[in-house]
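Peer 1: So here's entry-v7.cif, just mmCIF, C-alpha atoms and all ligand atoms:
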data_structure
#
loop_
_atom_site.label_atom_id
_atom_site.label_comp_id
_atom_site.auth_asym_id
_atom_site.auth_seq_id
_atom_site.Cartn_x
_atom_site.Cartn_y
_atom_site.Cartn_z
CA MET V 1 31.76 -37.27 19.73
CA THR V 2 33.98 -39.75 17.90
CA LEU V 3 33.00 -43.24 16.86
CA THR V 4 35.27 -45.97 18.17
CA GLY V 5 35.47 -49.75 18.14
CA ASN V 6 32.21 -51.57 17.53
CA TYR V 7 30.26 -48.37 16.96
CA LYS V 8 32.51 -47.52 14.01
CA LYS V 9 32.09 -51.01 12.48
CA THR V 10 28.32 -50.87 12.87
CA ALA V 11 28.18 -47.46 11.24
CA ILE V 12 30.20 -48.63 8.24
CA LEU V 13 28.09 -51.75 7.92
CA LEU V 14 24.90 -49.67 8.07
CA LEU V 15 26.20 -47.27 5.45
CA SER V 16 27.07 -50.05 3.04
CA VAL V 17 23.69 -51.70 3.59
CA ILE V 18 21.97 -48.40 2.82
CA THR V 19 24.18 -47.96 -0.23
CA ILE V 20 23.31 -51.40 -1.60
CA PHE V 21 19.57 -51.04 -1.04
CA SER V 22 19.31 -47.49 -2.26
CA GLY V 23 20.83 -48.70 -5.52
CA CYS V 24 23.87 -46.44 -5.55
CA GLY V 25 26.38 -47.18 -8.29
CA ARG V 26 25.33 -48.79 -11.57
CA PRO V 27 21.54 -49.32 -11.82
CA SER V 28 20.40 -52.79 -12.90
CA GLY V 29 18.50 -53.34 -16.18
CA GLN V 30 15.18 -53.28 -14.37
CA GLN V 31 16.10 -50.09 -12.53
CA GLN V 32 17.21 -48.43 -15.73
CA GLN V 33 13.90 -49.29 -17.34
CA ASN V 34 12.05 -47.85 -14.35
CA LEU V 35 14.10 -44.68 -14.57
CA THR V 36 13.23 -44.06 -18.25
CA GLN V 37 9.59 -44.87 -17.62
CA ASN V 38 9.51 -42.59 -14.60
CA ALA V 39 11.05 -39.79 -16.62
CA LYS V 40 8.11 -39.82 -19.06
CA PRO V 41 4.82 -40.77 -17.45
CA ASN V 42 1.81 -41.55 -19.61
CA LEU V 43 0.09 -38.39 -20.76
CA VAL V 44 -3.65 -38.07 -20.51
CA THR V 45 -5.06 -37.47 -23.98
CA PRO V 46 -7.35 -34.45 -24.01
CA ASP V 47 -10.93 -34.78 -25.20
CA PHE V 48 -11.36 -33.83 -28.86
CA ASN V 49 -14.36 -31.54 -29.21
CA ALA V 50 -16.18 -32.28 -32.47
CA ASP V 51 -18.45 -29.22 -32.13
CA SER V 52 -15.39 -27.07 -32.04
CA ALA V 53 -13.91 -28.77 -35.14
CA TYR V 54 -17.27 -28.32 -36.89
CA HIS V 55 -17.18 -24.62 -36.08
CA TYR V 56 -13.69 -24.24 -37.59
CA ILE V 57 -14.95 -25.89 -40.79
CA GLU V 58 -18.01 -23.66 -40.96
CA THR V 59 -15.86 -20.57 -40.50
CA GLN V 60 -13.68 -21.57 -43.44
CA VAL V 61 -16.69 -22.32 -45.66
CA ASN V 62 -18.25 -18.96 -44.77
CA PHE V 63 -15.33 -17.16 -46.41
CA GLY V 64 -16.46 -18.71 -49.71
CA PRO V 65 -14.39 -21.02 -51.93
CA ARG V 66 -10.68 -20.77 -50.99
CA VAL V 67 -9.25 -20.63 -54.52
CA PRO V 68 -5.76 -19.13 -54.92
CA ASN V 69 -5.67 -15.55 -56.30
CA THR V 70 -9.06 -14.65 -54.77
CA PRO V 71 -9.86 -12.34 -51.82
CA GLN V 72 -11.76 -15.20 -50.10
CA HIS V 73 -8.58 -17.28 -50.17
CA LEU V 74 -6.57 -14.43 -48.65
CA ALA V 75 -9.15 -13.78 -45.92
CA CYS V 76 -9.13 -17.45 -44.94
CA ALA V 77 -5.31 -17.54 -44.93
CA ASN V 78 -5.33 -14.70 -42.41
CA TYR V 79 -7.92 -16.45 -40.28
CA LEU V 80 -5.88 -19.68 -40.19
CA THR V 81 -2.67 -17.80 -39.37
CA GLU V 82 -4.28 -15.82 -36.55
CA THR V 83 -6.03 -18.87 -35.11
CA LEU V 84 -2.80 -20.89 -34.93
CA LYS V 85 -1.12 -17.92 -33.22
CA ARG V 86 -3.99 -17.63 -30.77
CA PHE V 87 -3.44 -21.30 -29.88
CA GLY V 88 0.18 -20.57 -29.03
CA ALA V 89 1.92 -21.76 -32.18
CA ASP V 90 5.01 -20.13 -33.59
CA VAL V 91 3.70 -19.47 -37.10
CA ILE V 92 5.64 -19.26 -40.35
CA VAL V 93 3.71 -18.26 -43.45
CA GLN V 94 5.46 -19.41 -46.55
CA GLU V 95 4.41 -17.28 -49.53
CA ALA V 96 5.27 -18.43 -53.04
CA LYS V 97 4.32 -18.25 -56.69
CA VAL V 98 3.74 -21.54 -58.45
CA LYS V 99 2.55 -22.47 -61.97
CA ALA V 100 -0.78 -24.21 -62.45
CA PHE V 101 -1.51 -26.78 -65.21
CA ASP V 102 -2.92 -23.98 -67.41
CA ASN V 103 0.13 -21.76 -66.80
CA THR V 104 -1.68 -19.44 -64.38
CA THR V 105 0.66 -18.09 -61.71
CA LEU V 106 -0.84 -18.92 -58.33
CA ASN V 107 -0.01 -16.86 -55.24
CA ILE V 108 0.06 -19.49 -52.55
CA ARG V 109 0.56 -19.65 -48.80
CA ASN V 110 1.66 -22.65 -46.80
CA ILE V 111 0.79 -21.96 -43.18
CA ILE V 112 3.05 -23.64 -40.64
CA GLY V 113 2.24 -23.71 -36.91
CA GLN V 114 5.11 -24.91 -34.70
CA PHE V 115 4.47 -26.14 -31.16
CA GLN V 116 7.55 -26.39 -28.90
CA PRO V 117 9.77 -25.19 -31.77
CA GLU V 118 12.90 -25.60 -29.63
CA LYS V 119 12.63 -29.40 -29.79
CA ASN V 120 14.40 -31.29 -32.57
CA ASP V 121 12.28 -34.38 -32.16
CA ARG V 122 9.00 -33.67 -34.02
CA ILE V 123 5.67 -34.92 -35.34
CA LEU V 124 4.13 -33.48 -38.50
CA LEU V 125 0.37 -33.16 -39.02
CA PHE V 126 -0.93 -31.71 -42.28
CA ALA V 127 -3.94 -31.01 -44.48
CA HIS V 128 -4.64 -28.89 -47.55
CA TRP V 129 -6.61 -25.71 -46.95
CA ASP V 130 -7.37 -24.58 -50.53
CA THR V 131 -10.52 -25.68 -52.34
CA ARG V 132 -11.09 -26.86 -55.90
CA PRO V 133 -11.66 -24.10 -58.48
CA PHE V 134 -14.04 -26.37 -60.46
CA ALA V 135 -16.82 -28.85 -59.76
CA ASP V 136 -15.63 -31.19 -62.49
CA HIS V 137 -17.66 -34.12 -61.13
CA ASP V 138 -20.91 -32.23 -60.62
CA PRO V 139 -23.91 -33.93 -62.25
CA ASP V 140 -24.93 -30.57 -63.76
CA PRO V 141 -22.51 -29.70 -66.63
CA GLN V 142 -23.54 -26.02 -66.33
CA LYS V 143 -22.02 -25.84 -62.87
CA ARG V 144 -18.73 -27.59 -63.55
CA ASN V 145 -16.72 -24.41 -63.95
CA ASN V 146 -17.82 -22.97 -60.61
CA PRO V 147 -15.66 -23.38 -57.48
CA ILE V 148 -16.94 -25.59 -54.66
CA ASP V 149 -17.47 -24.96 -50.93
CA GLY V 150 -15.02 -27.75 -50.12
CA ALA V 151 -16.46 -28.32 -46.65
CA ASN V 152 -15.07 -31.84 -46.57
CA ASP V 153 -12.42 -31.53 -49.29
CA GLY V 154 -10.21 -28.91 -47.70
CA GLY V 155 -12.26 -27.71 -44.74
CA SER V 156 -12.45 -30.92 -42.69
CA GLY V 157 -8.74 -31.74 -42.35
CA VAL V 158 -7.99 -28.16 -41.32
CA GLY V 159 -10.91 -28.09 -38.88
CA VAL V 160 -9.72 -31.25 -37.13
CA LEU V 161 -6.14 -29.98 -36.96
CA LEU V 162 -7.23 -26.63 -35.52
CA GLU V 163 -9.10 -28.44 -32.78
CA ILE V 164 -5.97 -30.48 -32.02
CA ALA V 165 -3.91 -27.26 -32.07
CA ARG V 166 -6.26 -25.74 -29.49
CA HIS V 167 -5.14 -28.39 -26.98
CA LEU V 168 -1.40 -28.34 -27.67
CA GLN V 169 -0.56 -25.22 -25.72
CA GLU V 170 -2.01 -26.34 -22.39
CA HIS V 171 -1.27 -30.01 -22.98
CA PRO V 172 2.11 -30.36 -24.68
CA THR V 173 3.13 -33.69 -26.21
CA TYR V 174 6.63 -35.14 -25.67
CA PRO V 175 7.88 -34.45 -29.21
CA GLY V 176 7.26 -31.02 -30.74
CA VAL V 177 4.36 -30.83 -33.21
CA ASP V 178 4.15 -29.00 -36.52
CA ILE V 179 0.82 -28.41 -38.18
CA ILE V 180 1.07 -27.47 -41.84
CA PHE V 181 -1.83 -26.24 -43.94
CA PHE V 182 -0.72 -26.76 -47.53
CA ASP V 183 -2.07 -24.59 -50.32
CA ALA V 184 -2.98 -25.43 -53.93
CA GLU V 185 -3.42 -29.16 -53.46
CA ASP V 186 -6.66 -29.18 -55.41
CA TYR V 187 -5.68 -27.27 -58.58
CA GLY V 188 -5.00 -30.46 -60.57
CA ILE V 189 -6.12 -30.82 -64.19
CA PRO V 190 -9.92 -31.00 -64.21
CA ASP V 191 -11.44 -34.24 -65.46
CA HIS V 192 -14.13 -32.50 -67.54
CA LEU V 193 -11.43 -31.06 -69.84
CA ASN V 194 -10.36 -34.55 -70.89
CA VAL V 195 -6.69 -33.61 -70.68
CA GLN V 196 -4.06 -36.24 -69.87
CA TYR V 197 -3.84 -36.84 -66.09
CA LYS V 198 -0.60 -35.53 -64.58
CA PRO V 199 0.02 -36.17 -60.87
CA ASP V 200 2.36 -33.19 -60.50
CA THR V 201 -0.43 -30.71 -61.34
CA TRP V 202 -1.82 -31.55 -57.87
CA CYS V 203 -0.28 -30.75 -54.49
CA LEU V 204 1.55 -27.61 -55.62
CA GLY V 205 1.90 -26.26 -52.08
CA SER V 206 3.45 -29.43 -50.64
CA GLN V 207 5.73 -29.76 -53.66
CA TYR V 208 6.98 -26.24 -53.05
CA TRP V 209 7.49 -26.91 -49.33
CA GLY V 210 9.25 -30.21 -50.03
CA LYS V 211 11.81 -28.34 -52.14
CA ASN V 212 11.91 -25.37 -49.72
CA PRO V 213 11.21 -26.63 -46.20
CA HIS V 214 10.68 -23.92 -43.55
CA LYS V 215 13.75 -25.22 -41.67
CA LYS V 216 17.02 -26.59 -42.98
CA ASN V 217 17.23 -30.39 -42.62
CA TYR V 218 13.65 -30.53 -41.37
CA TYR V 219 12.60 -33.98 -40.21
CA ALA V 220 9.80 -35.55 -38.18
CA ARG V 221 9.25 -39.01 -36.63
CA PHE V 222 6.23 -39.38 -38.92
CA GLY V 223 3.62 -37.37 -40.76
CA ILE V 224 -0.17 -37.72 -40.77
CA LEU V 225 -2.25 -36.19 -43.57
CA LEU V 226 -5.97 -35.64 -43.05
CA ASP V 227 -7.96 -35.37 -46.29
CA MET V 228 -11.75 -35.59 -46.47
CA VAL V 229 -12.22 -36.66 -42.87
CA GLY V 230 -15.69 -35.26 -42.19
CA ALA V 231 -18.35 -36.97 -44.32
CA PRO V 232 -21.15 -38.99 -42.69
CA ASN V 233 -20.20 -42.70 -42.39
CA ALA V 234 -16.85 -42.13 -44.07
CA GLN V 235 -14.59 -45.16 -44.34
CA PHE V 236 -10.84 -44.84 -44.03
CA TYR V 237 -9.13 -47.75 -45.73
CA LYS V 238 -5.37 -48.29 -45.55
CA GLU V 239 -4.12 -46.13 -48.41
CA GLN V 240 -1.43 -47.84 -50.48
CA PHE V 241 1.29 -45.18 -50.65
CA SER V 242 0.99 -44.86 -46.87
CA MET V 243 1.49 -48.64 -46.61
CA GLN V 244 4.68 -48.30 -48.66
CA TYR V 245 6.10 -45.31 -46.79
CA ALA V 246 4.99 -46.01 -43.22
CA PRO V 247 3.50 -49.50 -42.79
CA ARG V 248 4.06 -49.65 -39.04
CA MET V 249 2.46 -46.25 -38.50
CA VAL V 250 -0.58 -47.27 -40.58
CA ASP V 251 -1.03 -50.41 -38.48
CA HIS V 252 -0.51 -48.45 -35.27
CA ILE V 253 -3.04 -45.71 -36.15
CA TRP V 254 -5.68 -48.22 -37.25
CA LYS V 255 -5.09 -50.29 -34.10
CA VAL V 256 -5.43 -47.23 -31.85
CA ALA V 257 -8.66 -46.29 -33.65
CA GLY V 258 -9.97 -49.80 -32.96
CA GLU V 259 -9.01 -49.58 -29.28
CA LEU V 260 -10.96 -46.33 -28.98
CA GLY V 261 -14.02 -47.94 -30.58
CA TYR V 262 -13.78 -46.29 -33.99
CA SER V 263 -13.43 -49.37 -36.21
CA ALA V 264 -16.71 -48.42 -37.94
CA TRP V 265 -14.66 -45.64 -39.60
CA PHE V 266 -11.18 -47.18 -39.71
CA ASN V 267 -11.47 -50.08 -42.14
CA PHE V 268 -8.61 -52.61 -42.03
CA ASN V 269 -8.80 -53.34 -45.77
CA THR V 270 -6.53 -51.85 -48.41
CA GLY V 271 -7.77 -48.74 -50.20
CA GLY V 272 -6.61 -46.78 -53.23
CA MET V 273 -3.23 -45.40 -54.24
CA ILE V 274 -3.78 -41.68 -53.90
CA THR V 275 -1.53 -38.91 -55.17
CA ASP V 276 -1.81 -36.46 -52.31
CA ASP V 277 0.38 -34.19 -50.17
CA HIS V 278 1.92 -37.13 -48.27
CA VAL V 279 3.53 -38.33 -51.51
CA TYR V 280 5.63 -35.15 -51.74
CA VAL V 281 6.40 -34.98 -48.03
CA TYR V 282 7.87 -38.47 -48.42
CA LYS V 283 9.45 -37.84 -51.82
CA TYR V 284 11.44 -34.77 -50.78
CA LEU V 285 12.03 -35.19 -47.04
CA LYS V 286 11.58 -38.95 -46.56
CA ILE V 287 9.25 -38.41 -43.63
CA PRO V 288 7.18 -41.62 -43.30
CA SER V 289 3.69 -40.27 -43.89
CA VAL V 290 0.19 -41.68 -43.65
CA ASN V 291 -2.89 -40.39 -45.47
CA ILE V 292 -6.18 -40.74 -43.63
CA ILE V 293 -8.55 -40.23 -46.54
CA GLN V 294 -12.08 -41.35 -47.28
CA HIS V 295 -12.40 -44.28 -49.68
CA ASP V 296 -15.73 -45.39 -51.10
CA PRO V 297 -15.34 -48.28 -53.53
CA ALA V 298 -19.05 -48.05 -54.42
CA SER V 299 -18.73 -44.54 -55.90
CA GLU V 300 -17.42 -43.91 -59.40
CA THR V 301 -14.44 -41.85 -58.30
CA SER V 302 -13.86 -44.00 -55.17
CA PHE V 303 -13.94 -40.85 -53.00
CA GLY V 304 -17.72 -40.59 -52.48
CA GLN V 305 -20.58 -39.17 -54.53
CA TYR V 306 -20.06 -35.61 -53.34
CA TRP V 307 -16.40 -35.46 -54.43
CA HIS V 308 -15.60 -32.36 -56.52
CA THR V 309 -19.29 -31.50 -56.76
CA HIS V 310 -21.39 -28.74 -55.21
CA ALA V 311 -22.73 -31.27 -52.73
CA ASP V 312 -19.47 -30.92 -50.81
CA ASN V 313 -21.00 -28.32 -48.47
CA MET V 314 -21.73 -28.21 -44.73
CA ASP V 315 -24.46 -30.85 -45.15
CA ASN V 316 -21.60 -33.20 -45.97
CA ILE V 317 -20.01 -32.78 -42.51
CA ASP V 318 -20.74 -35.13 -39.64
CA ARG V 319 -19.51 -34.59 -36.10
CA TYR V 320 -19.17 -38.31 -35.36
CA THR V 321 -16.68 -38.75 -38.19
CA LEU V 322 -14.72 -35.69 -37.04
CA LYS V 323 -14.60 -37.14 -33.53
CA ALA V 324 -13.40 -40.57 -34.70
CA VAL V 325 -10.52 -39.05 -36.66
CA GLY V 326 -9.61 -36.27 -34.25
CA GLN V 327 -9.60 -38.44 -31.12
CA THR V 328 -7.57 -41.14 -32.87
CA VAL V 329 -4.90 -38.72 -34.06
CA MET V 330 -4.71 -37.11 -30.61
CA GLU V 331 -4.36 -40.51 -28.93
CA VAL V 332 -1.53 -41.37 -31.32
CA ILE V 333 0.43 -38.18 -30.70
CA TYR V 334 -0.06 -38.15 -26.89
CA ARG V 335 1.20 -41.75 -26.68
CA GLU V 336 4.51 -40.82 -28.31
CA LYS V 337 7.28 -40.73 -25.70
C1 LIG H 1 -6.17 -37.37 -57.16
O1 LIG H 1 -7.30 -37.58 -57.50
C2 LIG H 1 -5.06 -37.38 -58.09
N1 LIG H 1 -5.84 -37.10 -55.95
C3 LIG H 1 -6.80 -36.89 -54.96
C4 LIG H 1 -6.25 -35.97 -54.00
C5 LIG H 1 -7.29 -35.06 -53.57
C6 LIG H 1 -8.03 -34.25 -54.35
N2 LIG H 1 -7.65 -34.90 -52.35
C7 LIG H 1 -8.58 -34.01 -52.34
N3 LIG H 1 -8.84 -33.61 -53.54
ZN ZN H 2 -10.19 -32.31 -54.03
#
I'd like the structure from this file rewritten - as structure tokens, please.
Ligand code: AHN
Ligand code: ZN

Peer 2:
Amino acid sequence: MTLTGNYKKTAILLLSVITIFSGCGRPSGQQQQNLTQNAKPNLVTPDFNADSAYHYIETQVNFGPRVPNTPQHLACANYLTETLKRFGADVIVQEAKVKAFDNTTLNIRNIIGQFQPEKNDRILLFAHWDTRPFADHDPDPQKRNNPIDGANDGGSGVGVLLEIARHLQEHPTYPGVDIIFFDAEDYGIPDHLNVQYKPDTWCLGSQYWGKNPHKKNYYARFGILLDMVGAPNAQFYKEQFSMQYAPRMVDHIWKVAGELGYSAWFNFNTGGMITDDHVYVYKYLKIPSVNIIQHDPASETSFGQYWHTHADNMDNIDRYTLKAVGQTVMEVIYREK
């Protein structure tokens, strides 16, 4: 059948009407916005399981103190590597030798778990996994040369990140995620020796990585460092280097925490200026990085009474604090489009 006369005109008219209403040709501003929104729907943030994070901390502590050059340290490194692999990460273990303040050569391992490694657009989450070789702030001078459990200082950040890692395989975020466990953060000059404080004696693992990143031209949208994120009633003030490097991220993270009902932990006031792994991640790679770290202005060291003492054991870990931090960080990364 052929279309003639009025039929033909009607058909053409109909076609052009359909074309106009179906939005063929250039989409309007509103349509364009809808298209981008439709391309990336809101992700549902998985539920952070604080019992599971607690278990990962306990497992680390059960190896004993994780001091470089010890078998306990090595055993824990293997556990962290295997666990990240089990959660589907592409793992790179960066082995290196670095010099400590007392000239000891430390055999260190930075453990890097990459999720969706094919993506260029990335988020970096990190924590130190080593523990302090001394208890230089212990009230008992006899015990100051003994290594600590480091349940909170070392164990907690890693425990929270492992629990986040557990979700990343089944529930991928839009950007790729890297989780780095840095070594030898806590080998800084001990205070009981009364030697001049030198910032660069701390954070040896992140300094090494900053100078030798696991990938050429590595970059991430932002970095989040978790340090001492498990103590009962911990308060996370806005740390000052973080405010310099990544002010918008600090405000965003603290706002998200408030929205989730965790403002009892996330304090909107300004905290200390802490030399920590985020300083070197920013210094060498310029990744805007935020340190979520306990601040306790009432304690002498400003980190809490337990800090670098033998009281930093499993009794110093509280599931509610782990939940507040873990759920906040997850909410932040699942909201990234
Ligand atoms: C200093 O006291 C220089 N930095 C604290 C970083 C740290 C030590 N985090 C855990 N232990
Ligand atoms: Zn420490």

Peer 1: Mind checking which residues fall within 7 Å of range 98-111 of chain V, counting all atoms listed in the file, ignoring those fewer than 4 positions away in the same chain, and posting them as a ChimeraX atom specification?

Peer 2: /V:68-69,81,92-94,180-184,187-189,201,205

Peer 1: Using only C-alpha atoms and all ligand atoms, which residue out of V:Lys283, V:His308, V:Lys211, V:Lys198 lies closest to ligand ZN 2 (chain H)?

Peer 2: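 Smallest distance to ligand ZN 2 (chain H) is found for V:His308.
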
Peer 1: Could you list, as number ranges by chain, all the residues within 6 Å of ligand LIG 1 (chain H), counting only C-alpha atoms and all ligand atoms?

Peer 2: V: 153, 186, 199, 274-276

Peer 1: With C-alpha atoms retained, could you export that selection as an mmCIF file, keeping the file's coordinate frame?

Peer 2:
data_model
loop_
_atom_site.group_PDB
_atom_site.id
_atom_site.type_symbol
_atom_site.label_atom_id
_atom_site.label_comp_id
_atom_site.auth_asym_id
_atom_site.auth_seq_id
_atom_site.Cartn_x
_atom_site.Cartn_y
_atom_site.Cartn_z
ATOM 1 C CA ASP V 153 -12.420 -31.530 -49.290
ATOM 2 C CA ASP V 186 -6.660 -29.180 -55.410
ATOM 3 C CA PRO V 199 0.020 -36.170 -60.870
ATOM 4 C CA ILE V 274 -3.780 -41.680 -53.900
ATOM 5 C CA THR V 275 -1.530 -38.910 -55.170
ATOM 6 C CA ASP V 276 -1.810 -36.460 -52.310
#

Peer 1: Dump as a Markdown table the rows for residues of chain V within 10 Å of ligand ZN 2 (chain H): closest atom pair and distance in Å with one decimal, all atoms listed in the file counted, ordered by chain and rising residue number.

Peer 2:
| residue | atom | partner | partner_atom | distance |
| --- | --- | --- | --- | --- |
| V:His128 | CA | H:ZN2 | ZN | 9.2 |
| V:Asp130 | CA | H:ZN2 | ZN | 8.9 |
| V:Thr131 | CA | H:ZN2 | ZN | 6.8 |
| V:Arg132 | CA | H:ZN2 | ZN | 5.8 |
| V:Pro133 | CA | H:ZN2 | ZN | 9.5 |
| V:Phe134 | CA | H:ZN2 | ZN | 9.6 |
| V:Ala135 | CA | H:ZN2 | ZN | 9.4 |
| V:Ile148 | CA | H:ZN2 | ZN | 9.5 |
| V:Gly150 | CA | H:ZN2 | ZN | 7.7 |
| V:Asn152 | CA | H:ZN2 | ZN | 8.9 |
| V:Asp153 | CA | H:ZN2 | ZN | 5.3 |
| V:Gly154 | CA | H:ZN2 | ZN | 7.2 |
| V:Ala184 | CA | H:ZN2 | ZN | 10.0 |
| V:Glu185 | CA | H:ZN2 | ZN | 7.5 |
| V:Asp186 | CA | H:ZN2 | ZN | 4.9 |
| V:Tyr187 | CA | H:ZN2 | ZN | 8.2 |
| V:Gly188 | CA | H:ZN2 | ZN | 8.6 |
| V:Trp202 | CA | H:ZN2 | ZN | 9.2 |
| V:Asp227 | CA | H:ZN2 | ZN | 8.6 |
| V:Met228 | CA | H:ZN2 | ZN | 8.4 |
| V:Asp276 | CA | H:ZN2 | ZN | 9.5 |
| V:Phe303 | CA | H:ZN2 | ZN | 9.4 |
| V:Trp307 | CA | H:ZN2 | ZN | 7.0 |
| V:His308 | CA | H:ZN2 | ZN | 6.0 |
| V:Thr309 | CA | H:ZN2 | ZN | 9.5 |
| V:Asp312 | CA | H:ZN2 | ZN | 9.9 |

Peer 1: So that I have them on file, write out the residues from the current selection with C-alpha atoms, as an mmCIF file, in the frame of the given file.

Peer 2:
data_model
loop_
_atom_site.group_PDB
_atom_site.id
_atom_site.type_symbol
_atom_site.label_atom_id
_atom_site.label_comp_id
_atom_site.auth_asym_id
_atom_site.auth_seq_id
_atom_site.Cartn_x
_atom_site.Cartn_y
_atom_site.Cartn_z
ATOM 1 C CA HIS V 128 -4.640 -28.890 -47.550
ATOM 2 C CA ASP V 130 -7.370 -24.580 -50.530
ATOM 3 C CA THR V 131 -10.520 -25.680 -52.340
ATOM 4 C CA ARG V 132 -11.090 -26.860 -55.900
ATOM 5 C CA PRO V 133 -11.660 -24.100 -58.480
ATOM 6 C CA PHE V 134 -14.040 -26.370 -60.460
ATOM 7 C CA ALA V 135 -16.820 -28.850 -59.760
ATOM 8 C CA ILE V 148 -16.940 -25.590 -54.660
ATOM 9 C CA GLY V 150 -15.020 -27.750 -50.120
ATOM 10 C CA ASN V 152 -15.070 -31.840 -46.570
ATOM 11 C CA ASP V 153 -12.420 -31.530 -49.290
ATOM 12 C CA GLY V 154 -10.210 -28.910 -47.700
ATOM 13 C CA ALA V 184 -2.980 -25.430 -53.930
ATOM 14 C CA GLU V 185 -3.420 -29.160 -53.460
ATOM 15 C CA ASP V 186 -6.660 -29.180 -55.410
ATOM 16 C CA TYR V 187 -5.680 -27.270 -58.580
ATOM 17 C CA GLY V 188 -5.000 -30.460 -60.570
ATOM 18 C CA TRP V 202 -1.820 -31.550 -57.870
ATOM 19 C CA ASP V 227 -7.960 -35.370 -46.290
ATOM 20 C CA MET V 228 -11.750 -35.590 -46.470
ATOM 21 C CA ASP V 276 -1.810 -36.460 -52.310
ATOM 22 C CA PHE V 303 -13.940 -40.850 -53.000
ATOM 23 C CA TRP V 307 -16.400 -35.460 -54.430
ATOM 24 C CA HIS V 308 -15.600 -32.360 -56.520
ATOM 25 C CA THR V 309 -19.290 -31.500 -56.760
ATOM 26 C CA ASP V 312 -19.470 -30.920 -50.810
#

Peer 1: Just to confirm, what's the straight-line distance from CA of Ile112 in chain V to CA of Ala127 in chain V in Å (one decimal)?

Peer 2: 10.9 Å

Peer 1: Of the candidates V:Phe266, V:Tyr284, V:Phe236, V:Phe241, which one gets nearest to Gly304 in chain V if we count all atoms listed in the file?

Peer 2: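 Under the stated criterion, the closest residue is V:Phe236.
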
Peer 1: Between CA of Ile333 in chain V and CA of His167 in chain V, what is the distance, to one decimal in Å?

Peer 2: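 For CA of Ile333 in chain V relative to CA of His167 in chain V, the distance reads 11.9 Å.
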
Peer 1: Find the residue from V:Thr173, V:Gln244, V:Ser289, V:Asn62 that sits nearest to Arg122 in chain V; use only C-alpha atoms when measuring.

Peer 2: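 Of V:Thr173, V:Gln244, V:Ser289, V:Asn62, the one nearest Arg122 in chain V is V:Thr173, counting only C-alpha atoms.
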
Peer 1: Restricting the calculation to only C-alpha atoms, which member of V:Ala298, V:Val329, V:Val281, V:Tyr306 is positioned closest to Lys255 in chain V?

Peer 2: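 The closest residue to Lys255 in chain V is V:Val329.
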
Peer 1: Go ahead and compute the interatomic distance for CA of Val332 in chain V and CA of Phe268 in chain V, in Å to one decimal.

Peer 2: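 Computing the Euclidean distance for CA of Val332 in chain V and CA of Phe268 in chain V yields 17.1 Å.
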
Peer 1: Restricting the calculation to all atoms listed in the file, which member of V:Val67, V:Ala324, V:Val256, V:Ile179 is positioned closest to Ala89 in chain V?

Peer 2: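 Comparing V:Val67, V:Ala324, V:Val256, V:Ile179 against Ala89 in chain V, the winner is V:Ile179.
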
Peer 1: With distances taken over only C-alpha atoms, which of V:Gly261, V:Pro297, V:Gly113, V:Pro71 is nearest to Asp178 in chain V?

Peer 2: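 Smallest separation from Asp178 in chain V among the options: V:Gly113.
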
Peer 1: Please identify all polymer residues within 12 Å of Ser242 in chain V, counting all atoms listed in the file, omitting same-chain residues fewer than 6 positions from it, and present them as a list in words.

Peer 2: Phe222, Gly223, Ile224, Leu225, Arg248, Met249, Val250, Asp251, Ile253, Thr270, Gly271, Gly272, Met273, Ile274, Thr275, Asp276, Asp277, His278, Val279, Tyr280, Val281, Tyr282, Ile287, Pro288, Ser289, Val290, Asn291, Ile292 and Ile293 of chain V

Peer 1: Taking 6 positions as the minimum chain separation for residues in the same chain, which residues sit within 8 Å of Ile164 in chain V when counting all atoms listed in the file? Answer as a compact mmCIF listing (two decimals) with C-alpha atoms, in the frame of the given file.

Peer 2:
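Result file is part-v9.txt:
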# COMPACT_ATOMS: atom_id res chain seq x y z
CA PHE V 48 -11.36 -33.83 -28.86
CA GLY V 326 -9.61 -36.27 -34.25
CA MET V 330 -4.71 -37.11 -30.61

Peer 1: Taking the point (-17.0, -31.0, -64.2) as given in the file, collect each protein or nucleic acid residue that comes within 9 Å of it, counting all atoms listed in the file, and present the set as a PyMOL selection string.

Peer 2: chain V and resi 134-146+190-193+308-309

Peer 1: Save out the residues we just selected, C-alpha atoms, as a short mmCIF file (atom, residue, chain, number, x, y, z; two decimals), keeping the file's coordinate frame.

Peer 2:
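Output saved as result_12.cif:
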data_model
loop_
_atom_site.label_atom_id
_atom_site.label_comp_id
_atom_site.auth_asym_id
_atom_site.auth_seq_id
_atom_site.Cartn_x
_atom_site.Cartn_y
_atom_site.Cartn_z
CA PHE V 134 -14.04 -26.37 -60.46
CA ALA V 135 -16.82 -28.85 -59.76
CA ASP V 136 -15.63 -31.19 -62.49
CA HIS V 137 -17.66 -34.12 -61.13
CA ASP V 138 -20.91 -32.23 -60.62
CA PRO V 139 -23.91 -33.93 -62.25
CA ASP V 140 -24.93 -30.57 -63.76
CA PRO V 141 -22.51 -29.70 -66.63
CA GLN V 142 -23.54 -26.02 -66.33
CA LYS V 143 -22.02 -25.84 -62.87
CA ARG V 144 -18.73 -27.59 -63.55
CA ASN V 145 -16.72 -24.41 -63.95
CA ASN V 146 -17.82 -22.97 -60.61
CA PRO V 190 -9.92 -31.00 -64.21
CA ASP V 191 -11.44 -34.24 -65.46
CA HIS V 192 -14.13 -32.50 -67.54
CA LEU V 193 -11.43 -31.06 -69.84
CA HIS V 308 -15.60 -32.36 -56.52
CA THR V 309 -19.29 -31.50 -56.76
#
